[in-house]
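The data block below is structure.pdb; it holds PDB, C-alpha atoms, pLDDT in the B column.
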```
ATOM      1  CA  MET A 222     -23.497 -94.153 -16.521  1.00 92.00           C
ATOM      2  CA  SER A 223     -21.421 -91.662 -18.487  1.00 98.00           C
ATOM      3  CA  ARG A 224     -19.733 -91.613 -21.890  1.00 98.00           C
ATOM      4  CA  ILE A 225     -16.136 -90.577 -21.239  1.00 98.00           C
ATOM      5  CA  LEU A 226     -13.251 -89.637 -23.541  1.00 98.00           C
ATOM      6  CA  ILE A 227      -9.687 -89.777 -22.212  1.00 98.00           C
ATOM      7  CA  THR A 228      -6.958 -88.371 -24.470  1.00 98.00           C
ATOM      8  CA  GLY A 229      -3.494 -89.929 -24.426  1.00 97.00           C
ATOM      9  CA  ALA A 230      -4.840 -93.042 -22.739  1.00 97.00           C
ATOM     10  CA  ASN A 231      -3.084 -95.971 -24.396  1.00 97.00           C
ATOM     11  CA  LYS A 232      -0.559 -96.101 -21.522  1.00 93.00           C
ATOM     12  CA  GLY A 233       0.325 -94.647 -18.146  1.00 92.00           C
ATOM     13  CA  ILE A 234      -2.124 -92.723 -15.983  1.00 93.00           C
ATOM     14  CA  GLY A 235      -4.659 -92.345 -18.787  1.00 95.00           C
ATOM     15  CA  PHE A 236      -4.740 -96.099 -19.339  1.00 96.00           C
ATOM     16  CA  GLU A 237      -5.236 -96.781 -15.632  1.00 96.00           C
ATOM     17  CA  ALA A 238      -8.023 -94.189 -15.464  1.00 97.00           C
ATOM     18  CA  ALA A 239      -9.694 -95.853 -18.440  1.00 98.00           C
ATOM     19  CA  ARG A 240      -9.462 -99.257 -16.763  1.00 97.00           C
ATOM     20  CA  ARG A 241     -10.960 -97.928 -13.545  1.00 96.00           C
ATOM     21  CA  LEU A 242     -13.789 -96.055 -15.224  1.00 98.00           C
ATOM     22  CA  VAL A 243     -14.736 -99.058 -17.360  1.00 98.00           C
ATOM     23  CA  ALA A 244     -14.820-101.127 -14.169  1.00 98.00           C
ATOM     24  CA  GLU A 245     -17.205 -98.521 -12.704  1.00 97.00           C
ATOM     25  CA  GLY A 246     -19.594 -99.239 -15.579  1.00 98.00           C
ATOM     26  CA  HIS A 247     -18.946 -96.248 -17.819  1.00 98.00           C
ATOM     27  CA  THR A 248     -18.505 -96.251 -21.591  1.00 98.00           C
ATOM     28  CA  VAL A 249     -14.931 -95.121 -22.097  1.00 98.00           C
ATOM     29  CA  TYR A 250     -13.424 -93.858 -25.332  1.00 98.00           C
ATOM     30  CA  LEU A 251      -9.707 -94.496 -25.072  1.00 98.00           C
ATOM     31  CA  GLY A 252      -7.946 -91.821 -27.115  1.00 98.00           C
ATOM     32  CA  SER A 253      -4.563 -92.436 -28.693  1.00 98.00           C
ATOM     33  CA  ARG A 254      -2.456 -90.904 -31.482  1.00 96.00           C
ATOM     34  CA  ASP A 255      -1.460 -94.367 -32.702  1.00 96.00           C
ATOM     35  CA  ALA A 256      -4.493 -96.348 -33.878  1.00 96.00           C
ATOM     36  CA  GLY A 257      -2.885 -99.758 -33.339  1.00 97.00           C
ATOM     37  CA  ARG A 258      -1.679 -99.071 -29.820  1.00 97.00           C
ATOM     38  CA  GLY A 259      -4.977 -97.472 -28.970  1.00 97.00           C
ATOM     39  CA  LEU A 260      -6.946-100.481 -30.168  1.00 98.00           C
ATOM     40  CA  ALA A 261      -4.762-102.904 -28.209  1.00 98.00           C
ATOM     41  CA  ALA A 262      -5.092-100.810 -25.051  1.00 98.00           C
ATOM     42  CA  ALA A 263      -8.851-100.435 -25.457  1.00 98.00           C
ATOM     43  CA  GLU A 264      -9.327-104.160 -25.932  1.00 98.00           C
ATOM     44  CA  ALA A 265      -7.249-104.814 -22.803  1.00 98.00           C
ATOM     45  CA  VAL A 266      -9.625-102.836 -20.573  1.00 98.00           C
ATOM     46  CA  GLY A 267     -12.943-103.111 -22.396  1.00 98.00           C
ATOM     47  CA  ALA A 268     -12.933 -99.545 -23.707  1.00 98.00           C
ATOM     48  CA  ARG A 269     -13.629 -98.210 -27.205  1.00 98.00           C
ATOM     49  CA  ALA A 270     -10.628 -97.030 -29.212  1.00 98.00           C
ATOM     50  CA  VAL A 271     -10.650 -93.552 -30.757  1.00 98.00           C
ATOM     51  CA  ARG A 272      -7.723 -92.206 -32.717  1.00 98.00           C
ATOM     52  CA  ILE A 273      -7.058 -88.599 -31.687  1.00 98.00           C
ATOM     53  CA  ASP A 274      -3.930 -86.475 -32.089  1.00 98.00           C
ATOM     54  CA  ILE A 275      -4.684 -83.332 -30.106  1.00 98.00           C
ATOM     55  CA  THR A 276      -2.197 -81.312 -32.167  1.00 98.00           C
ATOM     56  CA  ASP A 277      -4.074 -81.999 -35.401  1.00 98.00           C
ATOM     57  CA  ASP A 278      -7.382 -80.327 -36.315  1.00 98.00           C
ATOM     58  CA  GLU A 279      -8.522 -83.045 -38.716  1.00 98.00           C
ATOM     59  CA  SER A 280      -7.819 -85.811 -36.213  1.00 98.00           C
ATOM     60  CA  VAL A 281      -9.803 -84.021 -33.501  1.00 98.00           C
ATOM     61  CA  ARG A 282     -12.734 -83.355 -35.848  1.00 98.00           C
ATOM     62  CA  ALA A 283     -12.794 -87.034 -36.826  1.00 98.00           C
ATOM     63  CA  ALA A 284     -12.860 -88.069 -33.168  1.00 98.00           C
ATOM     64  CA  VAL A 285     -15.775 -85.718 -32.497  1.00 98.00           C
ATOM     65  CA  ALA A 286     -17.700 -87.173 -35.439  1.00 98.00           C
ATOM     66  CA  ALA A 287     -17.043 -90.751 -34.311  1.00 98.00           C
ATOM     67  CA  ILE A 288     -18.181 -90.119 -30.742  1.00 98.00           C
ATOM     68  CA  GLU A 289     -21.173 -88.039 -31.793  1.00 98.00           C
ATOM     69  CA  ALA A 290     -22.302 -90.866 -34.073  1.00 98.00           C
ATOM     70  CA  GLU A 291     -22.391 -93.180 -31.036  1.00 97.00           C
ATOM     71  CA  GLY A 292     -24.562 -90.887 -28.948  1.00 97.00           C
ATOM     72  CA  GLY A 293     -22.424 -88.014 -27.666  1.00 98.00           C
ATOM     73  CA  LEU A 294     -20.170 -87.284 -24.709  1.00 98.00           C
ATOM     74  CA  ASP A 295     -20.678 -86.612 -20.998  1.00 98.00           C
ATOM     75  CA  VAL A 296     -17.113 -86.365 -19.700  1.00 98.00           C
ATOM     76  CA  LEU A 297     -13.890 -85.136 -21.303  1.00 99.00           C
ATOM     77  CA  ILE A 298     -10.560 -85.922 -19.636  1.00 98.00           C
ATOM     78  CA  ASN A 299      -7.731 -83.875 -21.147  1.00 98.00           C
ATOM     79  CA  ASN A 300      -4.869 -86.171 -20.216  1.00 97.00           C
ATOM     80  CA  ALA A 301      -2.514 -86.059 -23.224  1.00 97.00           C
ATOM     81  CA  GLY A 302       0.669 -84.092 -22.575  1.00 96.00           C
ATOM     82  CA  ILE A 303       4.443 -83.925 -23.013  1.00 95.00           C
ATOM     83  CA  GLN A 304       7.437 -82.907 -20.901  1.00 92.00           C
ATOM     84  CA  ALA A 305      10.006 -82.079 -23.575  1.00 91.00           C
ATOM     85  CA  GLU A 306      12.475 -80.378 -21.222  1.00 90.00           C
ATOM     86  CA  MET A 307      13.283 -83.587 -19.310  1.00 88.00           C
ATOM     87  CA  SER A 308      15.984 -85.961 -20.585  1.00 84.00           C
ATOM     88  CA  ALA A 309      16.028 -89.737 -20.184  1.00 81.00           C
ATOM     89  CA  ASP A 310      18.474 -89.467 -17.266  1.00 82.00           C
ATOM     90  CA  GLY A 311      16.118 -87.196 -15.371  1.00 80.00           C
ATOM     91  CA  SER A 312      18.026 -83.973 -16.005  1.00 86.00           C
ATOM     92  CA  VAL A 313      15.856 -80.945 -16.762  1.00 89.00           C
ATOM     93  CA  LEU A 314      16.629 -77.896 -18.870  1.00 90.00           C
ATOM     94  CA  GLY A 315      16.481 -74.846 -16.628  1.00 91.00           C
ATOM     95  CA  ALA A 316      15.817 -71.213 -17.453  1.00 92.00           C
ATOM     96  CA  GLY A 317      19.361 -70.655 -18.679  1.00 93.00           C
ATOM     97  CA  GLU A 318      19.039 -73.462 -21.210  1.00 94.00           C
ATOM     98  CA  MET A 319      15.428 -72.993 -22.317  1.00 94.00           C
ATOM     99  CA  THR A 320      14.731 -72.274 -25.977  1.00 96.00           C
ATOM    100  CA  ALA A 321      11.718 -70.918 -27.792  1.00 97.00           C
ATOM    101  CA  GLU A 322      11.530 -74.169 -29.739  1.00 96.00           C
ATOM    102  CA  ILE A 323      11.094 -76.268 -26.583  1.00 96.00           C
ATOM    103  CA  MET A 324       8.503 -73.829 -25.251  1.00 96.00           C
ATOM    104  CA  ARG A 325       6.627 -73.947 -28.557  1.00 97.00           C
ATOM    105  CA  GLU A 326       6.697 -77.757 -28.713  1.00 97.00           C
ATOM    106  CA  THR A 327       5.424 -78.046 -25.148  1.00 97.00           C
ATOM    107  CA  PHE A 328       2.654 -75.495 -25.528  1.00 98.00           C
ATOM    108  CA  GLU A 329       1.549 -76.982 -28.857  1.00 98.00           C
ATOM    109  CA  THR A 330       0.479 -80.152 -27.081  1.00 98.00           C
ATOM    110  CA  ASN A 331      -0.220 -79.157 -23.483  1.00 98.00           C
ATOM    111  CA  VAL A 332      -1.991 -75.858 -24.103  1.00 98.00           C
ATOM    112  CA  PHE A 333      -3.026 -75.427 -27.733  1.00 98.00           C
ATOM    113  CA  GLY A 334      -3.950 -79.105 -27.984  1.00 98.00           C
ATOM    114  CA  THR A 335      -6.115 -78.846 -24.884  1.00 98.00           C
ATOM    115  CA  VAL A 336      -7.870 -75.781 -26.293  1.00 98.00           C
ATOM    116  CA  ARG A 337      -8.372 -77.545 -29.619  1.00 98.00           C
ATOM    117  CA  VAL A 338     -10.066 -80.501 -27.922  1.00 98.00           C
ATOM    118  CA  LEU A 339     -12.173 -78.309 -25.630  1.00 98.00           C
ATOM    119  CA  GLU A 340     -13.385 -76.197 -28.530  1.00 98.00           C
ATOM    120  CA  ALA A 341     -14.241 -79.237 -30.617  1.00 98.00           C
ATOM    121  CA  PHE A 342     -16.118 -81.174 -27.926  1.00 98.00           C
ATOM    122  CA  LEU A 343     -17.966 -78.317 -26.224  1.00 98.00           C
ATOM    123  CA  PRO A 344     -21.033 -78.687 -28.485  1.00 98.00           C
ATOM    124  CA  LEU A 345     -21.386 -82.339 -27.460  1.00 98.00           C
ATOM    125  CA  LEU A 346     -20.733 -81.647 -23.783  1.00 98.00           C
ATOM    126  CA  ARG A 347     -23.332 -78.875 -23.691  1.00 98.00           C
ATOM    127  CA  LYS A 348     -25.965 -81.399 -24.783  1.00 98.00           C
ATOM    128  CA  ALA A 349     -25.169 -83.728 -21.869  1.00 98.00           C
ATOM    129  CA  ASP A 350     -27.258 -83.770 -18.692  1.00 97.00           C
ATOM    130  CA  ALA A 351     -24.322 -83.291 -16.296  1.00 97.00           C
ATOM    131  CA  PRO A 352     -21.187 -82.616 -18.341  1.00 98.00           C
ATOM    132  CA  VAL A 353     -17.727 -82.713 -16.803  1.00 98.00           C
ATOM    133  CA  VAL A 354     -14.238 -81.711 -17.955  1.00 98.00           C
ATOM    134  CA  VAL A 355     -11.117 -82.870 -16.131  1.00 98.00           C
ATOM    135  CA  ASN A 356      -7.902 -81.109 -17.145  1.00 98.00           C
ATOM    136  CA  VAL A 357      -4.855 -83.066 -16.036  1.00 98.00           C
ATOM    137  CA  SER A 358      -2.480 -80.458 -14.639  1.00 97.00           C
ATOM    138  CA  SER A 359       0.516 -80.721 -12.291  1.00 95.00           C
ATOM    139  CA  GLY A 360       1.698 -79.556  -8.904  1.00 94.00           C
ATOM    140  CA  LEU A 361       4.346 -77.704 -10.892  1.00 94.00           C
ATOM    141  CA  ALA A 362       1.552 -75.480 -12.227  1.00 96.00           C
ATOM    142  CA  SER A 363       1.080 -73.913  -8.799  1.00 95.00           C
ATOM    143  CA  LEU A 364       2.770 -70.491  -8.727  1.00 96.00           C
ATOM    144  CA  ASN A 365       2.417 -70.586  -4.955  1.00 94.00           C
ATOM    145  CA  ARG A 366       4.386 -73.818  -4.721  1.00 92.00           C
ATOM    146  CA  LEU A 367       6.982 -72.834  -7.341  1.00 91.00           C
ATOM    147  CA  ALA A 368       7.755 -69.687  -5.350  1.00 92.00           C
ATOM    148  CA  THR A 369       7.970 -71.461  -1.987  1.00 91.00           C
ATOM    149  CA  ASP A 370      11.452 -72.367  -0.735  1.00 86.00           C
ATOM    150  CA  GLY A 371      11.622 -75.975   0.367  1.00 84.00           C
ATOM    151  CA  ASP A 372       8.588 -77.115  -1.606  1.00 86.00           C
ATOM    152  CA  THR A 373       9.314 -80.008  -3.937  1.00 84.00           C
ATOM    153  CA  ALA A 374       7.792 -78.031  -6.804  1.00 84.00           C
ATOM    154  CA  GLY A 375       9.980 -75.059  -5.911  1.00 84.00           C
ATOM    155  CA  ARG A 376      13.086 -77.181  -6.503  1.00 87.00           C
ATOM    156  CA  TYR A 377      12.095 -78.047 -10.087  1.00 88.00           C
ATOM    157  CA  PRO A 378      14.281 -75.957 -12.477  1.00 91.00           C
ATOM    158  CA  GLY A 379      12.282 -76.379 -15.685  1.00 94.00           C
ATOM    159  CA  VAL A 380      10.280 -73.659 -17.385  1.00 96.00           C
ATOM    160  CA  ALA A 381       8.230 -75.023 -20.288  1.00 96.00           C
ATOM    161  CA  TYR A 382       6.287 -77.788 -18.529  1.00 96.00           C
ATOM    162  CA  PRO A 383       5.261 -75.769 -15.444  1.00 96.00           C
ATOM    163  CA  ALA A 384       4.351 -72.777 -17.621  1.00 97.00           C
ATOM    164  CA  SER A 385       2.200 -74.944 -19.869  1.00 98.00           C
ATOM    165  CA  LYS A 386       0.349 -76.502 -16.947  1.00 98.00           C
ATOM    166  CA  THR A 387      -0.181 -73.110 -15.326  1.00 98.00           C
ATOM    167  CA  ALA A 388      -1.769 -72.088 -18.617  1.00 98.00           C
ATOM    168  CA  VAL A 389      -3.995 -75.183 -18.403  1.00 98.00           C
ATOM    169  CA  ASN A 390      -5.117 -73.997 -14.958  1.00 98.00           C
ATOM    170  CA  VAL A 391      -6.036 -70.624 -16.460  1.00 98.00           C
ATOM    171  CA  LEU A 392      -8.112 -72.480 -19.061  1.00 98.00           C
ATOM    172  CA  THR A 393      -9.879 -74.300 -16.236  1.00 98.00           C
ATOM    173  CA  ILE A 394     -10.784 -71.070 -14.444  1.00 98.00           C
ATOM    174  CA  GLN A 395     -11.917 -69.162 -17.516  1.00 98.00           C
ATOM    175  CA  TYR A 396     -13.851 -71.994 -19.176  1.00 98.00           C
ATOM    176  CA  ALA A 397     -15.568 -72.790 -15.868  1.00 98.00           C
ATOM    177  CA  LYS A 398     -16.759 -69.189 -15.653  1.00 98.00           C
ATOM    178  CA  ALA A 399     -17.851 -69.143 -19.295  1.00 98.00           C
ATOM    179  CA  PHE A 400     -19.730 -72.464 -19.087  1.00 98.00           C
ATOM    180  CA  PRO A 401     -21.346 -72.707 -15.624  1.00 98.00           C
ATOM    181  CA  GLY A 402     -23.396 -75.708 -16.732  1.00 97.00           C
ATOM    182  CA  ILE A 403     -20.217 -77.800 -17.100  1.00 98.00           C
ATOM    183  CA  ARG A 404     -18.137 -78.929 -14.111  1.00 98.00           C
ATOM    184  CA  ILE A 405     -14.562 -78.038 -15.208  1.00 98.00           C
ATOM    185  CA  ASN A 406     -11.599 -78.707 -12.913  1.00 98.00           C
ATOM    186  CA  SER A 407      -7.832 -79.204 -12.958  1.00 98.00           C
ATOM    187  CA  VAL A 408      -6.257 -82.152 -11.158  1.00 98.00           C
ATOM    188  CA  GLU A 409      -2.752 -82.985  -9.966  1.00 95.00           C
ATOM    189  CA  PRO A 410      -2.088 -86.745 -10.188  1.00 93.00           C
ATOM    190  CA  GLY A 411       1.306 -86.489  -8.440  1.00 80.00           C
ATOM    191  CA  TYR A 412       4.838 -87.404  -9.507  1.00 66.00           C
ATOM    192  CA  THR A 413       4.182 -90.754 -11.127  1.00 59.00           C
ATOM    193  CA  GLY A 414       6.470 -93.183 -12.903  1.00 47.00           C
ATOM    194  CA  THR A 415       5.383 -92.958 -16.562  1.00 57.00           C
ATOM    195  CA  ASP A 416       6.943 -92.424 -19.981  1.00 52.00           C
ATOM    196  CA  LEU A 417       6.308 -88.689 -19.508  1.00 54.00           C
ATOM    197  CA  ASN A 418       9.169 -88.522 -16.987  1.00 51.00           C
ATOM    198  CA  HIS A 419      11.076 -91.618 -18.154  1.00 49.00           C
ATOM    199  CA  ASN A 420       9.552 -93.617 -15.284  1.00 53.00           C
ATOM    200  CA  LEU A 421      11.359 -91.578 -12.621  1.00 56.00           C
ATOM    201  CA  GLY A 422       8.261 -90.730 -10.573  1.00 51.00           C
ATOM    202  CA  HIS A 423       7.710 -92.351  -7.175  1.00 48.00           C
ATOM    203  CA  GLN A 424       3.923 -92.892  -7.384  1.00 66.00           C
ATOM    204  CA  THR A 425       2.134 -95.756  -9.104  1.00 79.00           C
ATOM    205  CA  VAL A 426      -0.362 -95.118 -11.888  1.00 78.00           C
ATOM    206  CA  ARG A 427      -3.045 -96.564  -9.630  1.00 83.00           C
ATOM    207  CA  GLU A 428      -2.377 -93.860  -7.042  1.00 87.00           C
ATOM    208  CA  ALA A 429      -2.189 -91.157  -9.704  1.00 88.00           C
ATOM    209  CA  ALA A 430      -5.441 -92.108 -11.417  1.00 93.00           C
ATOM    210  CA  GLU A 431      -7.438 -91.801  -8.186  1.00 94.00           C
ATOM    211  CA  ILE A 432      -8.117 -88.060  -8.437  1.00 97.00           C
ATOM    212  CA  ILE A 433      -8.885 -88.273 -12.173  1.00 97.00           C
ATOM    213  CA  VAL A 434     -11.412 -91.055 -11.663  1.00 97.00           C
ATOM    214  CA  ARG A 435     -12.975 -89.228  -8.727  1.00 97.00           C
ATOM    215  CA  MET A 436     -13.354 -85.882 -10.490  1.00 98.00           C
ATOM    216  CA  ALA A 437     -14.647 -87.519 -13.678  1.00 98.00           C
ATOM    217  CA  GLN A 438     -17.630 -88.805 -11.718  1.00 98.00           C
ATOM    218  CA  ILE A 439     -18.766 -85.665  -9.888  1.00 98.00           C
ATOM    219  CA  GLY A 440     -22.385 -84.665 -10.313  1.00 95.00           C
ATOM    220  CA  ALA A 441     -24.023 -81.444 -11.423  1.00 95.00           C
ATOM    221  CA  ASP A 442     -23.645 -80.085  -7.881  1.00 96.00           C
ATOM    222  CA  GLY A 443     -19.913 -80.811  -7.784  1.00 97.00           C
ATOM    223  CA  PRO A 444     -17.120 -78.229  -7.683  1.00 98.00           C
ATOM    224  CA  THR A 445     -16.053 -76.281 -10.759  1.00 98.00           C
ATOM    225  CA  GLY A 446     -13.165 -73.978 -11.567  1.00 98.00           C
ATOM    226  CA  GLY A 447     -10.930 -75.656  -8.986  1.00 98.00           C
ATOM    227  CA  PHE A 448      -7.532 -77.342  -8.684  1.00 98.00           C
ATOM    228  CA  PHE A 449      -7.371 -80.605  -6.737  1.00 98.00           C
ATOM    229  CA  ASP A 450      -5.181 -83.522  -5.793  1.00 94.00           C
ATOM    230  CA  ALA A 451      -6.198 -86.671  -3.909  1.00 93.00           C
ATOM    231  CA  LYS A 452      -6.110 -84.785  -0.593  1.00 94.00           C
ATOM    232  CA  GLY A 453      -8.231 -81.816  -1.646  1.00 96.00           C
ATOM    233  CA  PRO A 454      -7.946 -78.288  -3.104  1.00 96.00           C
ATOM    234  CA  LEU A 455      -4.537 -76.954  -4.139  1.00 95.00           C
ATOM    235  CA  PRO A 456      -3.236 -73.366  -4.223  1.00 94.00           C
ATOM    236  CA  TRP A 457      -3.007 -71.693  -7.612  1.00 95.00           C
TER     237      TRP A 457
END
```

Mind converting the file's structure to structure tokens?
Amino acid sequence: MSRILITGANKGIGFEAARRLVAEGHTVYLGSRDAGRGLAAAEAVGARAVRIDITDDESVRAAVAAIEAEGGLDVLINNAGIQAEMSADGSVLGAGEMTAEIMRETFETNVFGTVRVLEAFLPLLRKADAPVVVNVSSGLASLNRLATDGDTAGRYPGVAYPASKTAVNVLTIQYAKAFPGIRINSVEPGYTGTDLNHNLGHQTVREAAEIIVRMAQIGADGPTGGFFDAKGPLPW
């Protein structure tokens, strides 16, 4: 059984993935920015609470120390993310309304935060027998789909969120090449009703967590440097 950290897991897809992985027999560290909410969520599913704000160096270092003290880490699921360009009514700021501030806010969490966590936990992962990294991406990260007329992703007008998740896919490719001993993949959970999109998505968190749970449990002979949803590989 593996020792698994999921960032941003006190609710939504991350919480459901934690519940499923605990049920599979794994030791799950449920990461959350808010210590109280994280503890309540962890207790609800039998996980271990870890406070981690992926935008803060000290918080990430403390999480590494806490997990290392308990024996290390086998699987890292980079789930924490934001979608700052979407309003509560579902409207999305398009290219004509985008600002550098919104881009910066989005990339600070979705890209720089992911890099911060990867950098911090790589030493622990490299000590594991069959380490795995799952980067939670989006179908909106696919340049192929964004450029395709009629594709649901192609109809999305936003800039910051797709750009940030495309950057996450680049991280997946480059880190997978740099660390061939670690299985590193991006996954697309699907358009799911969560706080990220003000609960406007049509999928359930149970459906969305399927690909995360599956890719978190691949073995040393599993795929790496790929982009997947529940049906299989996706185009970059």

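Evaluating the PyMOL selection byres ((chain A and resi 360) around 7) against the shown model yields Ser359, Leu361, Ala362, Ser363, Ala374, Glu409 and Gly411 of chain A.
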
Adding 8 Å on each side of the box along x, y and z that holds all listed atoms of segment 247-262 of chain A, could you give its centre and edge lengths in Å to one decimal, as AutoDock Vina command-line options?
```
--center_x -10.2 --center_y -96.9 --center_z -25.8 --size_x 33.5 --size_y 28.0 --size_z 32.1
```

For this session: Grab the atom CA of Ile275 of chain A to atom CA of Leu297 of chain A distance for me, in Å with one decimal place.
Result: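 Rounded to one decimal, the two atoms are 12.9 Å apart.
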
For this session: Run the PyMOL selection byres ((chain A and resi 256) around 10) on the file and write out the hits as a ChimeraX atom specification.
Result: /A:231,252-255,257-262,270-273

How would the residues just chosen look if you wrote them out with C-alpha atoms as a compact mmCIF listing (two decimals), in the frame of the given file?
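And here's result01.txt as it stands now:
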```txt
# COMPACT_ATOMS: atom_id res chain seq x y z
CA ASN A 231 -3.08 -95.97 -24.40
CA GLY A 252 -7.95 -91.82 -27.12
CA SER A 253 -4.56 -92.44 -28.69
CA ARG A 254 -2.46 -90.90 -31.48
CA ASP A 255 -1.46 -94.37 -32.70
CA GLY A 257 -2.88 -99.76 -33.34
CA ARG A 258 -1.68 -99.07 -29.82
CA GLY A 259 -4.98 -97.47 -28.97
CA LEU A 260 -6.95 -100.48 -30.17
CA ALA A 261 -4.76 -102.90 -28.21
CA ALA A 262 -5.09 -100.81 -25.05
CA ALA A 270 -10.63 -97.03 -29.21
CA VAL A 271 -10.65 -93.55 -30.76
CA ARG A 272 -7.72 -92.21 -32.72
CA ILE A 273 -7.06 -88.60 -31.69
```

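Within the file as shown, the PyMOL selection byres ((chain A and resi 318) around 12) identifies Glu306, Met307, Ser312, Val313, Leu314, Gly315, Ala316, Gly317, Met319, Thr320, Ala321, Glu322, Ile323, Met324, Pro378, Gly379, Val380 and Ala381 of chain A.
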
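Compared by their closest atoms to Arg269 of chain A, and using only C-alpha atoms, the residues A:Asp370, A:Glu340, A:Glu428, A:Glu291 rank with A:Glu291 nearest.
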
Exercise. What is the distance between atom CA of Met436 of chain A and atom CA of Val357 of chain A, in Å to one decimal?
Worked result: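 Computing the Euclidean distance for atom CA of Met436 of chain A and atom CA of Val357 of chain A yields 10.5 Å.
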
Exercise. Which is closest to Asn331 of chain A among A:Gly447, A:Pro383, A:Gly371, A:Gly246, if we use all atoms listed in the file?
Worked result: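 Going through A:Gly447, A:Pro383, A:Gly371, A:Gly246 one by one, the smallest distance to Asn331 of chain A is for A:Pro383.
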
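Closest approach to Ile433 of chain A among A:Tyr377, A:Tyr250, A:Tyr382, A:Phe448 is made by A:Phe448 (distances from all atoms listed in the file).
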
For this session: Kindly indicate which residue among A:Val353, A:Ile432, A:Ile303, A:Leu455 lies nearest to Asn390 of chain A, using only C-alpha atoms for the distances.
Result: A:Leu455

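Remark: for Gly440 of chain A, the closest of the candidate residues A:Thr248, A:Ser407, A:Ile394, A:Ala349 is A:Ala349 (distances computed over all atoms listed in the file).
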